[in-house]
Each structure stands twice: as structure tokens, then as C-alpha cells.
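Pasting target06.cif here (mmCIF, N, CA and C atoms and all ligand atoms):
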```cif
data_target
#
loop_
_atom_site.label_atom_id
_atom_site.label_comp_id
_atom_site.auth_asym_id
_atom_site.auth_seq_id
_atom_site.Cartn_x
_atom_site.Cartn_y
_atom_site.Cartn_z
N MET I 1 8.14 -17.32 -5.49
CA MET I 1 8.02 -15.86 -5.39
C MET I 1 6.55 -15.45 -5.45
N THR I 2 5.83 -16.01 -6.41
CA THR I 2 4.40 -15.69 -6.54
C THR I 2 3.67 -15.98 -5.25
N ASP I 3 4.17 -17.03 -4.57
CA ASP I 3 3.58 -17.43 -3.30
C ASP I 3 3.65 -16.30 -2.27
N ILE I 4 4.80 -15.63 -2.21
CA ILE I 4 4.99 -14.51 -1.28
C ILE I 4 4.00 -13.41 -1.61
N TYR I 5 3.86 -13.11 -2.87
CA TYR I 5 2.95 -12.05 -3.30
C TYR I 5 1.51 -12.40 -2.98
N GLU I 6 1.17 -13.67 -3.21
CA GLU I 6 -0.20 -14.10 -2.90
C GLU I 6 -0.51 -13.95 -1.42
N LYS I 7 0.49 -14.28 -0.60
CA LYS I 7 0.30 -14.16 0.86
C LYS I 7 0.11 -12.70 1.26
N LEU I 8 0.93 -11.82 0.69
CA LEU I 8 0.80 -10.39 1.01
C LEU I 8 -0.58 -9.89 0.60
N LEU I 9 -1.01 -10.30 -0.59
CA LEU I 9 -2.31 -9.85 -1.08
C LEU I 9 -3.45 -10.40 -0.22
N SER I 10 -3.32 -11.64 0.23
CA SER I 10 -4.41 -12.18 1.06
C SER I 10 -4.44 -11.49 2.42
N LYS I 11 -3.28 -11.04 2.92
CA LYS I 11 -3.28 -10.27 4.18
C LYS I 11 -3.92 -8.90 3.97
N ALA I 12 -3.66 -8.30 2.82
CA ALA I 12 -4.28 -7.00 2.50
C ALA I 12 -5.81 -7.17 2.41
N LYS I 13 -6.20 -8.29 1.83
CA LYS I 13 -7.63 -8.61 1.68
C LYS I 13 -8.28 -8.74 3.05
N GLU I 14 -7.62 -9.45 3.93
CA GLU I 14 -8.16 -9.70 5.26
C GLU I 14 -8.32 -8.39 6.05
N ILE I 15 -7.30 -7.54 6.01
CA ILE I 15 -7.34 -6.30 6.80
C ILE I 15 -8.34 -5.30 6.19
N SER I 16 -8.64 -5.43 4.92
CA SER I 16 -9.63 -4.51 4.30
C SER I 16 -10.99 -4.68 4.98
N LYS I 17 -11.19 -5.83 5.61
CA LYS I 17 -12.47 -6.07 6.31
C LYS I 17 -12.62 -5.17 7.53
N ASN I 18 -11.49 -4.63 8.02
CA ASN I 18 -11.55 -3.73 9.18
C ASN I 18 -11.72 -2.27 8.81
N ALA I 19 -11.76 -1.97 7.54
CA ALA I 19 -11.85 -0.57 7.10
C ALA I 19 -13.04 0.14 7.74
N TYR I 20 -12.81 1.41 8.08
CA TYR I 20 -13.90 2.26 8.59
C TYR I 20 -14.20 3.25 7.45
N CYS I 21 -15.21 2.94 6.67
CA CYS I 21 -15.45 3.74 5.46
C CYS I 21 -16.94 3.96 5.24
N PRO I 22 -17.65 4.53 6.25
CA PRO I 22 -19.10 4.71 6.11
C PRO I 22 -19.48 5.74 5.05
N TYR I 23 -18.53 6.59 4.64
CA TYR I 23 -18.87 7.67 3.69
C TYR I 23 -18.67 7.23 2.25
N SER I 24 -17.57 6.57 1.98
CA SER I 24 -17.32 6.13 0.60
C SER I 24 -17.82 4.70 0.37
N ASN I 25 -17.95 3.95 1.45
CA ASN I 25 -18.26 2.52 1.32
C ASN I 25 -17.28 1.85 0.36
N PHE I 26 -16.01 2.24 0.47
CA PHE I 26 -14.95 1.71 -0.39
C PHE I 26 -13.81 1.24 0.51
N PRO I 27 -13.89 -0.01 0.97
CA PRO I 27 -12.85 -0.51 1.88
C PRO I 27 -11.55 -0.78 1.14
N VAL I 28 -10.44 -0.51 1.81
CA VAL I 28 -9.12 -0.80 1.23
C VAL I 28 -8.25 -1.41 2.33
N GLY I 29 -7.43 -2.37 1.95
CA GLY I 29 -6.46 -2.96 2.87
C GLY I 29 -5.07 -2.93 2.25
N ALA I 30 -4.05 -2.80 3.09
CA ALA I 30 -2.67 -2.79 2.58
C ALA I 30 -1.78 -3.63 3.49
N CYS I 31 -0.84 -4.32 2.87
CA CYS I 31 0.17 -5.08 3.63
C CYS I 31 1.54 -4.69 3.07
N VAL I 32 2.38 -4.14 3.94
CA VAL I 32 3.70 -3.67 3.49
C VAL I 32 4.79 -4.60 4.00
N LEU I 33 5.66 -5.01 3.09
CA LEU I 33 6.78 -5.90 3.46
C LEU I 33 8.08 -5.09 3.49
N TYR I 34 8.81 -5.24 4.60
CA TYR I 34 10.09 -4.52 4.78
C TYR I 34 11.28 -5.46 4.58
N GLU I 35 12.46 -4.88 4.42
CA GLU I 35 13.70 -5.67 4.23
C GLU I 35 13.93 -6.62 5.40
N SER I 36 13.50 -6.20 6.59
CA SER I 36 13.66 -7.01 7.79
C SER I 36 12.84 -8.30 7.74
N GLY I 37 11.87 -8.33 6.81
CA GLY I 37 10.94 -9.46 6.75
C GLY I 37 9.66 -9.15 7.50
N ASN I 38 9.66 -8.05 8.26
CA ASN I 38 8.43 -7.67 8.98
C ASN I 38 7.37 -7.17 8.01
N GLU I 39 6.13 -7.43 8.38
CA GLU I 39 5.00 -6.96 7.57
C GLU I 39 4.07 -6.14 8.46
N TYR I 40 3.51 -5.11 7.88
CA TYR I 40 2.58 -4.25 8.62
C TYR I 40 1.32 -4.06 7.80
N LEU I 41 0.20 -4.01 8.53
CA LEU I 41 -1.10 -3.94 7.87
C LEU I 41 -1.77 -2.61 8.13
N GLY I 42 -2.64 -2.20 7.23
CA GLY I 42 -3.43 -0.98 7.43
C GLY I 42 -4.71 -1.04 6.63
N CYS I 43 -5.72 -0.33 7.11
CA CYS I 43 -6.96 -0.18 6.36
C CYS I 43 -7.29 1.31 6.33
N ASN I 44 -8.21 1.72 5.46
CA ASN I 44 -8.57 3.13 5.43
C ASN I 44 -9.49 3.47 6.60
N VAL I 45 -9.33 4.68 7.11
CA VAL I 45 -10.14 5.17 8.23
C VAL I 45 -10.68 6.55 7.84
N GLU I 46 -11.98 6.64 7.67
CA GLU I 46 -12.60 7.89 7.21
C GLU I 46 -13.10 8.73 8.38
N ASN I 47 -13.52 9.96 8.03
CA ASN I 47 -14.00 10.91 9.04
C ASN I 47 -15.13 11.72 8.44
N ALA I 48 -16.05 12.17 9.32
CA ALA I 48 -17.17 13.00 8.86
C ALA I 48 -16.65 14.27 8.19
N SER I 49 -15.48 14.73 8.61
CA SER I 49 -14.80 15.81 7.90
C SER I 49 -13.94 15.10 6.85
N TYR I 50 -14.52 14.88 5.68
CA TYR I 50 -13.99 13.93 4.69
C TYR I 50 -12.48 14.00 4.44
N GLY I 51 -11.98 15.23 4.37
CA GLY I 51 -10.56 15.41 4.02
C GLY I 51 -9.60 14.86 5.06
N LEU I 52 -10.11 14.53 6.23
CA LEU I 52 -9.24 13.99 7.29
C LEU I 52 -9.08 12.48 7.19
N SER I 53 -9.77 11.88 6.24
CA SER I 53 -9.67 10.42 6.08
C SER I 53 -8.24 10.04 5.72
N ILE I 54 -7.86 8.83 6.13
CA ILE I 54 -6.51 8.36 5.78
C ILE I 54 -6.58 7.02 5.07
N CYS I 55 -5.70 6.86 4.10
CA CYS I 55 -5.68 5.65 3.27
C CYS I 55 -5.06 4.46 4.00
N ALA I 56 -5.40 3.29 3.51
CA ALA I 56 -4.87 2.04 4.05
C ALA I 56 -3.34 2.00 3.98
N GLU I 57 -2.80 2.45 2.87
CA GLU I 57 -1.34 2.36 2.66
C GLU I 57 -0.59 3.20 3.70
N ARG I 58 -1.05 4.45 3.89
CA ARG I 58 -0.35 5.32 4.85
C ARG I 58 -0.54 4.81 6.27
N ASN I 59 -1.68 4.23 6.57
CA ASN I 59 -1.86 3.66 7.90
C ASN I 59 -0.89 2.51 8.13
N ALA I 60 -0.68 1.68 7.11
CA ALA I 60 0.25 0.55 7.25
C ALA I 60 1.68 1.07 7.46
N MET I 61 2.06 2.09 6.69
CA MET I 61 3.42 2.65 6.83
C MET I 61 3.59 3.35 8.19
N SER I 62 2.54 3.99 8.67
CA SER I 62 2.61 4.63 10.00
C SER I 62 2.76 3.58 11.10
N SER I 63 2.07 2.46 10.94
CA SER I 63 2.20 1.37 11.93
C SER I 63 3.63 0.88 11.99
N ALA I 64 4.26 0.78 10.81
CA ALA I 64 5.64 0.29 10.76
C ALA I 64 6.56 1.23 11.55
N ILE I 65 6.44 2.52 11.29
CA ILE I 65 7.29 3.49 11.98
C ILE I 65 7.00 3.47 13.48
N SER I 66 5.72 3.41 13.82
CA SER I 66 5.34 3.39 15.24
C SER I 66 5.88 2.16 15.95
N ALA I 67 5.99 1.06 15.22
CA ALA I 67 6.49 -0.19 15.82
C ALA I 67 8.01 -0.20 15.90
N GLY I 68 8.65 0.84 15.35
CA GLY I 68 10.12 0.92 15.44
C GLY I 68 10.84 0.35 14.23
N GLU I 69 10.12 0.09 13.16
CA GLU I 69 10.76 -0.47 11.96
C GLU I 69 11.84 0.48 11.43
N LYS I 70 13.03 -0.09 11.18
CA LYS I 70 14.14 0.76 10.74
C LYS I 70 14.59 0.45 9.31
N THR I 71 14.06 -0.63 8.73
CA THR I 71 14.49 -0.98 7.37
C THR I 71 13.52 -0.36 6.35
N LYS I 72 13.81 -0.61 5.09
CA LYS I 72 13.03 0.02 4.02
C LYS I 72 12.01 -0.96 3.41
N ILE I 73 11.09 -0.38 2.67
CA ILE I 73 10.02 -1.18 2.05
C ILE I 73 10.50 -1.91 0.80
N LYS I 74 10.14 -3.21 0.73
CA LYS I 74 10.46 -4.01 -0.47
C LYS I 74 9.25 -4.15 -1.38
N ALA I 75 8.06 -4.24 -0.76
CA ALA I 75 6.85 -4.46 -1.56
C ALA I 75 5.62 -4.06 -0.75
N ILE I 76 4.56 -3.74 -1.48
CA ILE I 76 3.27 -3.45 -0.81
C ILE I 76 2.15 -4.10 -1.63
N ALA I 77 1.24 -4.74 -0.91
CA ALA I 77 0.05 -5.30 -1.56
C ALA I 77 -1.14 -4.43 -1.16
N ILE I 78 -1.98 -4.13 -2.13
CA ILE I 78 -3.15 -3.27 -1.89
C ILE I 78 -4.39 -3.97 -2.46
N TYR I 79 -5.46 -3.93 -1.67
CA TYR I 79 -6.67 -4.63 -2.10
C TYR I 79 -7.94 -3.86 -1.74
N SER I 80 -8.88 -3.81 -2.66
CA SER I 80 -10.24 -3.35 -2.34
C SER I 80 -11.22 -4.34 -2.94
N PRO I 81 -12.23 -4.73 -2.15
CA PRO I 81 -13.23 -5.64 -2.71
C PRO I 81 -14.09 -4.95 -3.77
N LYS I 82 -13.98 -3.61 -3.82
CA LYS I 82 -14.82 -2.82 -4.73
C LYS I 82 -14.18 -2.58 -6.09
N GLN I 83 -12.88 -2.83 -6.20
CA GLN I 83 -12.20 -2.46 -7.45
C GLN I 83 -10.95 -3.27 -7.69
N LYS I 84 -10.87 -3.88 -8.87
CA LYS I 84 -9.63 -4.56 -9.26
C LYS I 84 -8.58 -3.49 -9.49
N MET I 85 -7.32 -3.86 -9.37
CA MET I 85 -6.23 -2.91 -9.62
C MET I 85 -6.41 -1.63 -8.82
N CYS I 86 -6.56 -1.77 -7.50
CA CYS I 86 -6.74 -0.60 -6.64
C CYS I 86 -5.38 0.05 -6.40
N LEU I 87 -5.07 1.01 -7.26
CA LEU I 87 -3.76 1.68 -7.22
C LEU I 87 -3.67 2.69 -6.08
N PRO I 88 -2.48 2.91 -5.53
CA PRO I 88 -2.34 3.91 -4.46
C PRO I 88 -2.57 5.33 -4.99
N CYS I 89 -3.13 6.17 -4.14
CA CYS I 89 -3.36 7.57 -4.53
C CYS I 89 -2.02 8.31 -4.58
N GLY I 90 -2.03 9.52 -5.04
CA GLY I 90 -0.80 10.29 -5.18
C GLY I 90 -0.07 10.50 -3.86
N ALA I 91 -0.83 10.79 -2.80
CA ALA I 91 -0.20 11.01 -1.49
C ALA I 91 0.50 9.74 -1.02
N CYS I 92 -0.13 8.61 -1.20
CA CYS I 92 0.48 7.34 -0.77
C CYS I 92 1.69 6.99 -1.63
N ARG I 93 1.68 7.38 -2.89
CA ARG I 93 2.86 7.14 -3.75
C ARG I 93 4.05 7.93 -3.22
N GLN I 94 3.80 9.16 -2.80
CA GLN I 94 4.89 9.98 -2.24
C GLN I 94 5.39 9.37 -0.92
N TRP I 95 4.50 8.84 -0.13
CA TRP I 95 4.89 8.16 1.13
C TRP I 95 5.73 6.93 0.82
N LEU I 96 5.32 6.18 -0.20
CA LEU I 96 6.09 4.99 -0.58
C LEU I 96 7.49 5.40 -1.01
N CYS I 97 7.58 6.49 -1.74
CA CYS I 97 8.86 7.03 -2.21
C CYS I 97 9.77 7.34 -1.01
N GLU I 98 9.19 7.81 0.07
CA GLU I 98 9.95 8.16 1.29
C GLU I 98 10.60 6.92 1.92
N PHE I 99 9.85 5.82 1.95
CA PHE I 99 10.30 4.65 2.73
C PHE I 99 10.78 3.46 1.89
N ALA I 100 10.71 3.58 0.57
CA ALA I 100 11.08 2.45 -0.30
C ALA I 100 12.58 2.22 -0.35
N VAL I 101 12.98 0.96 -0.53
CA VAL I 101 14.40 0.60 -0.73
C VAL I 101 14.92 1.39 -1.94
N ASP I 102 14.17 1.32 -3.03
CA ASP I 102 14.46 2.10 -4.23
C ASP I 102 13.18 2.15 -5.06
N GLU I 103 13.30 2.73 -6.25
CA GLU I 103 12.07 2.91 -7.04
C GLU I 103 11.61 1.65 -7.75
N ASN I 104 12.36 0.55 -7.55
CA ASN I 104 11.95 -0.72 -8.17
C ASN I 104 11.02 -1.53 -7.29
N ILE I 105 10.67 -1.03 -6.11
CA ILE I 105 9.83 -1.83 -5.22
C ILE I 105 8.51 -2.18 -5.91
N GLN I 106 7.98 -3.31 -5.48
CA GLN I 106 6.82 -3.85 -6.17
C GLN I 106 5.49 -3.48 -5.54
N ILE I 107 4.56 -3.13 -6.38
CA ILE I 107 3.20 -2.80 -5.97
C ILE I 107 2.35 -3.99 -6.44
N ILE I 108 1.83 -4.72 -5.47
CA ILE I 108 1.11 -5.96 -5.78
C ILE I 108 -0.39 -5.73 -5.70
N LEU I 109 -1.06 -6.01 -6.78
CA LEU I 109 -2.50 -5.73 -6.86
C LEU I 109 -3.25 -6.94 -7.36
N GLU I 110 -4.53 -6.98 -7.05
CA GLU I 110 -5.36 -8.02 -7.65
C GLU I 110 -5.80 -7.53 -9.02
N GLY I 111 -5.36 -8.23 -10.05
CA GLY I 111 -5.72 -7.83 -11.41
C GLY I 111 -7.02 -8.48 -11.83
N LYS I 112 -7.25 -8.46 -13.10
CA LYS I 112 -8.46 -9.09 -13.65
C LYS I 112 -8.35 -10.60 -13.48
N ASP I 113 -9.48 -11.27 -13.44
CA ASP I 113 -9.53 -12.74 -13.32
C ASP I 113 -8.81 -13.25 -12.08
N GLU I 114 -8.78 -12.42 -11.01
CA GLU I 114 -8.13 -12.80 -9.75
C GLU I 114 -6.63 -13.04 -9.91
N LYS I 115 -6.08 -12.68 -11.04
CA LYS I 115 -4.63 -12.84 -11.23
C LYS I 115 -3.90 -11.69 -10.54
N ILE I 116 -2.67 -12.00 -10.08
CA ILE I 116 -1.89 -10.95 -9.43
C ILE I 116 -1.23 -10.08 -10.50
N SER I 117 -1.25 -8.79 -10.25
CA SER I 117 -0.61 -7.85 -11.16
C SER I 117 0.48 -7.12 -10.37
N ILE I 118 1.67 -7.06 -10.91
CA ILE I 118 2.77 -6.41 -10.19
C ILE I 118 3.33 -5.24 -11.00
N LEU I 119 3.34 -4.09 -10.34
CA LEU I 119 3.86 -2.88 -10.97
C LEU I 119 5.08 -2.41 -10.18
N LYS I 120 5.88 -1.57 -10.78
CA LYS I 120 7.02 -0.98 -10.05
C LYS I 120 6.68 0.45 -9.69
N LEU I 121 7.17 0.89 -8.51
CA LEU I 121 6.89 2.25 -8.06
C LEU I 121 7.33 3.26 -9.12
N LYS I 122 8.48 3.00 -9.75
CA LYS I 122 8.99 3.99 -10.72
C LYS I 122 8.06 4.17 -11.92
N ASP I 123 7.26 3.15 -12.22
CA ASP I 123 6.35 3.26 -13.36
C ASP I 123 5.08 4.05 -13.03
N ILE I 124 4.72 4.06 -11.74
CA ILE I 124 3.51 4.82 -11.38
C ILE I 124 3.84 6.13 -10.68
N PHE I 125 5.13 6.31 -10.31
CA PHE I 125 5.50 7.54 -9.60
C PHE I 125 6.95 7.91 -9.89
N PRO I 126 7.23 8.29 -11.14
CA PRO I 126 8.59 8.70 -11.45
C PRO I 126 8.88 10.09 -10.89
N TYR I 127 10.13 10.37 -10.62
CA TYR I 127 10.57 11.70 -10.17
C TYR I 127 9.90 12.16 -8.87
N GLY I 128 9.73 11.24 -7.91
CA GLY I 128 9.17 11.63 -6.61
C GLY I 128 10.12 12.57 -5.88
N PHE I 129 9.60 13.31 -4.93
CA PHE I 129 10.44 14.27 -4.20
C PHE I 129 11.22 13.60 -3.08
N LYS I 130 12.53 13.89 -3.04
CA LYS I 130 13.39 13.43 -1.93
C LYS I 130 14.46 14.48 -1.71
N PHE I 131 14.89 14.65 -0.44
CA PHE I 131 16.02 15.52 -0.19
C PHE I 131 17.29 14.83 -0.68
N ASP I 132 18.26 15.58 -1.13
CA ASP I 132 19.54 15.01 -1.58
C ASP I 132 20.18 14.28 -0.41
N GLU I 133 20.81 13.11 -0.75
CA GLU I 133 21.41 12.33 0.34
C GLU I 133 22.83 12.78 0.60
N1 LIG K 201 -8.28 4.82 -0.39
C1 LIG K 201 -7.27 4.09 0.16
O1 LIG K 201 -7.33 3.72 1.34
N2 LIG K 201 -6.23 3.76 -0.62
C2 LIG K 201 -6.15 4.02 -1.95
O2 LIG K 201 -5.17 3.66 -2.57
C3 LIG K 201 -7.21 4.76 -2.63
C4 LIG K 201 -8.26 5.32 -1.73
C5 LIG K 201 -9.43 5.13 0.43
C6 LIG K 201 -9.61 6.57 0.82
C7 LIG K 201 -11.10 6.63 1.08
O3 LIG K 201 -11.36 6.19 2.39
C8 LIG K 201 -11.68 5.60 0.12
O4 LIG K 201 -10.61 4.77 -0.25
C9 LIG K 201 -12.32 6.21 -1.11
O5 LIG K 201 -11.47 7.11 -1.72
#
```

Kindly return the structure encoded in the file as C-alpha cells.
Amino acid sequence: MTDIYEKLLSKAKEISKNAYCPYSNFPVGACVLYESGNEYLGCNVENASYGLSICAERNAMSSAISAGEKTKIKAIAIYSPKQKMCLPCGACRQWLCEFAVDENIQIILEGKDEKISILKLKDIFPYGFKFDE
């Protein structure tokens, strides 16, 4: 199992190299794993009009939808070379809530000492907004 997480994290690491972040100089990469077994990658893309920048996580989830992915998210790995434990921002947490299998999905991060740290969505984003099913 750890092996799967390590692979997701190394893919997030690799895609962070493509980040377009001339304003913050804070590259981020994300790799999202779906129930189908498909994985999608994203990096952050900034803009001179700062507020238009988009995070790595939302780019990865947008790629999934654009590619026709119909299943739900099981796990996401997030990486920044600038910061250990690069947690998703509030907007990305709400996006994860939209597409997650459930609130137990795993958020995989590089912790201290290069060790993998795994959190659950429900612990970092309880009571997210959803329409009644
Ligand atoms: N960023 C992400 O891509 N994901 C996160 O989880 C946190 C922040 C980006 C947005 C911006 O381009 C840069 O990191 C600094 O905030």
C-alpha cells in the first residue's frame, strides 16, 4: 500500500516541475487517483492578475473531468519542493469534497524526514457543502 502512495507522491513531485509560478515562486504538483485506477496530474498556473491563478489540485481534477473520468476520487498526492506537508487550500478542499468517493479519501503528503504523511479529507475539511442526494 505504501508503495502506491509513494508512486502517487513521486508523480506529484515530477509534475510540480512544470508549474508556472513566476509570482510566488512556489511550485506545486498534484496526482489524483480515481476508483477506475486512472490518475491525473496537475501543477499550479499563475497569472499577472494574481487572483486568477489556479492550484495544482484543481488543475488535476479539471483534467480528469475533461478526459471523461466518471468515477470518484480515492486519493490525492500533493507536493511542493518549497514546503513539507503542502496541504490543499480551502477552495481545493471543497473541490475534493465534490469529487471524492467519501470523506475518508486520503491526502498524501511529503512529511518531515521525507516520510509520507497521510491525512483524511474529513479531518481537514469536515462539513463540506454538498447538495442533498
Ligand atoms: N498552491 C497550489 O497549487 N496548491 C496548494 O495546495 C496551495 C497553493 C499554489 C497557488 C499559488 O500558485 C502558489 O501555490 C502560492 O500560493

Next on the checklist: Using only C-alpha atoms, which protein or nucleic acid residues come within 8 Å of Leu41 of chain I? Drop anything in the same chain fewer than 6 positions from it, and give the result as a PyMOL selection string.
Outcome noted: chain I and resi 11-12+15+29-32+59-60+63

Checklist entry - For Cys43 of chain I, which residue out of I:Thr2, I:Gln83, I:Asn18, I:Thr71 is the nearest one, using all atoms listed in the file? => result I:Asn18

Checklist entry - ligand LIG 201 (chain K): which residues are within 8 Å, counting all atoms listed in the file, as number ranges by chain? => result I: 20-30, 42-47, 53-59, 78-79, 86-90, 92-93

Checklist entry - When you draw a straight line from atom CA of Gly128 of chain I to atom N of Lys84 of chain I, how long is it in Å? => result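 Calculated distance between atom CA of Gly128 of chain I and atom N of Lys84 of chain I is 25.4 Å.
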
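Counting from atom CA of Lys70 of chain I, the distance to atom CA of Cys97 of chain I is 15.3 Å.
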
Checklist outcome for this item: Of I:Ala48, I:Ala64, I:Met85, I:Ile108, the one nearest to Leu8 of chain I when counting all atoms listed in the file is I:Ile108

Item to check | Expected answer as an MDAnalysis selection string: alpha helix (DSSP H) residues in chain I | outcome: chainID I and resid 2:16 56:66 90:99 121:124

Would you save the residues from that selection as a compact mmCIF listing (two decimals), keeping the file's coordinate frame, using N, CA and C atoms?
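Saved as again_1.txt:
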```txt
# COMPACT_ATOMS: atom_id res chain seq x y z
N THR I 2 5.83 -16.01 -6.41
CA THR I 2 4.40 -15.69 -6.54
C THR I 2 3.67 -15.98 -5.25
N ASP I 3 4.17 -17.03 -4.57
CA ASP I 3 3.58 -17.43 -3.30
C ASP I 3 3.65 -16.30 -2.27
N ILE I 4 4.80 -15.63 -2.21
CA ILE I 4 4.99 -14.51 -1.28
C ILE I 4 4.00 -13.41 -1.61
N TYR I 5 3.86 -13.11 -2.87
CA TYR I 5 2.95 -12.05 -3.30
C TYR I 5 1.51 -12.40 -2.98
N GLU I 6 1.17 -13.67 -3.21
CA GLU I 6 -0.20 -14.10 -2.90
C GLU I 6 -0.51 -13.95 -1.42
N LYS I 7 0.49 -14.28 -0.60
CA LYS I 7 0.30 -14.16 0.86
C LYS I 7 0.11 -12.70 1.26
N LEU I 8 0.93 -11.82 0.69
CA LEU I 8 0.80 -10.39 1.01
C LEU I 8 -0.58 -9.89 0.60
N LEU I 9 -1.01 -10.30 -0.59
CA LEU I 9 -2.31 -9.85 -1.08
C LEU I 9 -3.45 -10.40 -0.22
N SER I 10 -3.32 -11.64 0.23
CA SER I 10 -4.41 -12.18 1.06
C SER I 10 -4.44 -11.49 2.42
N LYS I 11 -3.28 -11.04 2.92
CA LYS I 11 -3.28 -10.27 4.18
C LYS I 11 -3.92 -8.90 3.97
N ALA I 12 -3.66 -8.30 2.82
CA ALA I 12 -4.28 -7.00 2.50
C ALA I 12 -5.81 -7.17 2.41
N LYS I 13 -6.20 -8.29 1.83
CA LYS I 13 -7.63 -8.61 1.68
C LYS I 13 -8.28 -8.74 3.05
N GLU I 14 -7.62 -9.45 3.93
CA GLU I 14 -8.16 -9.70 5.26
C GLU I 14 -8.32 -8.39 6.05
N ILE I 15 -7.30 -7.54 6.01
CA ILE I 15 -7.34 -6.30 6.80
C ILE I 15 -8.34 -5.30 6.19
N SER I 16 -8.64 -5.43 4.92
CA SER I 16 -9.63 -4.51 4.30
C SER I 16 -10.99 -4.68 4.98
N ALA I 56 -5.40 3.29 3.51
CA ALA I 56 -4.87 2.04 4.05
C ALA I 56 -3.34 2.00 3.98
N GLU I 57 -2.80 2.45 2.87
CA GLU I 57 -1.34 2.36 2.66
C GLU I 57 -0.59 3.20 3.70
N ARG I 58 -1.05 4.45 3.89
CA ARG I 58 -0.35 5.32 4.85
C ARG I 58 -0.54 4.81 6.27
N ASN I 59 -1.68 4.23 6.57
CA ASN I 59 -1.86 3.66 7.90
C ASN I 59 -0.89 2.51 8.13
N ALA I 60 -0.68 1.68 7.11
CA ALA I 60 0.25 0.55 7.25
C ALA I 60 1.68 1.07 7.46
N MET I 61 2.06 2.09 6.69
CA MET I 61 3.42 2.65 6.83
C MET I 61 3.59 3.35 8.19
N SER I 62 2.54 3.99 8.67
CA SER I 62 2.61 4.63 10.00
C SER I 62 2.76 3.58 11.10
N SER I 63 2.07 2.46 10.94
CA SER I 63 2.20 1.37 11.93
C SER I 63 3.63 0.88 11.99
N ALA I 64 4.26 0.78 10.81
CA ALA I 64 5.64 0.29 10.76
C ALA I 64 6.56 1.23 11.55
N ILE I 65 6.44 2.52 11.29
CA ILE I 65 7.29 3.49 11.98
C ILE I 65 7.00 3.47 13.48
N SER I 66 5.72 3.41 13.82
CA SER I 66 5.34 3.39 15.24
C SER I 66 5.88 2.16 15.95
N GLY I 90 -2.03 9.52 -5.04
CA GLY I 90 -0.80 10.29 -5.18
C GLY I 90 -0.07 10.50 -3.86
N ALA I 91 -0.83 10.79 -2.80
CA ALA I 91 -0.20 11.01 -1.49
C ALA I 91 0.50 9.74 -1.02
N CYS I 92 -0.13 8.61 -1.20
CA CYS I 92 0.48 7.34 -0.77
C CYS I 92 1.69 6.99 -1.63
N ARG I 93 1.68 7.38 -2.89
CA ARG I 93 2.86 7.14 -3.75
C ARG I 93 4.05 7.93 -3.22
N GLN I 94 3.80 9.16 -2.80
CA GLN I 94 4.89 9.98 -2.24
C GLN I 94 5.39 9.37 -0.92
N TRP I 95 4.50 8.84 -0.13
CA TRP I 95 4.89 8.16 1.13
C TRP I 95 5.73 6.93 0.82
N LEU I 96 5.32 6.18 -0.20
CA LEU I 96 6.09 4.99 -0.58
C LEU I 96 7.49 5.40 -1.01
N CYS I 97 7.58 6.49 -1.74
CA CYS I 97 8.86 7.03 -2.21
C CYS I 97 9.77 7.34 -1.01
N GLU I 98 9.19 7.81 0.07
CA GLU I 98 9.95 8.16 1.29
C GLU I 98 10.60 6.92 1.92
N PHE I 99 9.85 5.82 1.95
CA PHE I 99 10.30 4.65 2.73
C PHE I 99 10.78 3.46 1.89
N LEU I 121 7.17 0.89 -8.51
CA LEU I 121 6.89 2.25 -8.06
C LEU I 121 7.33 3.26 -9.12
N LYS I 122 8.48 3.00 -9.75
CA LYS I 122 8.99 3.99 -10.72
C LYS I 122 8.06 4.17 -11.92
N ASP I 123 7.26 3.15 -12.22
CA ASP I 123 6.35 3.26 -13.36
C ASP I 123 5.08 4.05 -13.03
N ILE I 124 4.72 4.06 -11.74
CA ILE I 124 3.51 4.82 -11.38
C ILE I 124 3.84 6.13 -10.68
```

Item to check | strand (DSSP E) positions in segment 7-133 of chain I, given as a ChimeraX atom specification | outcome: /I:29-34,39-43,73-79,106-110,116-120
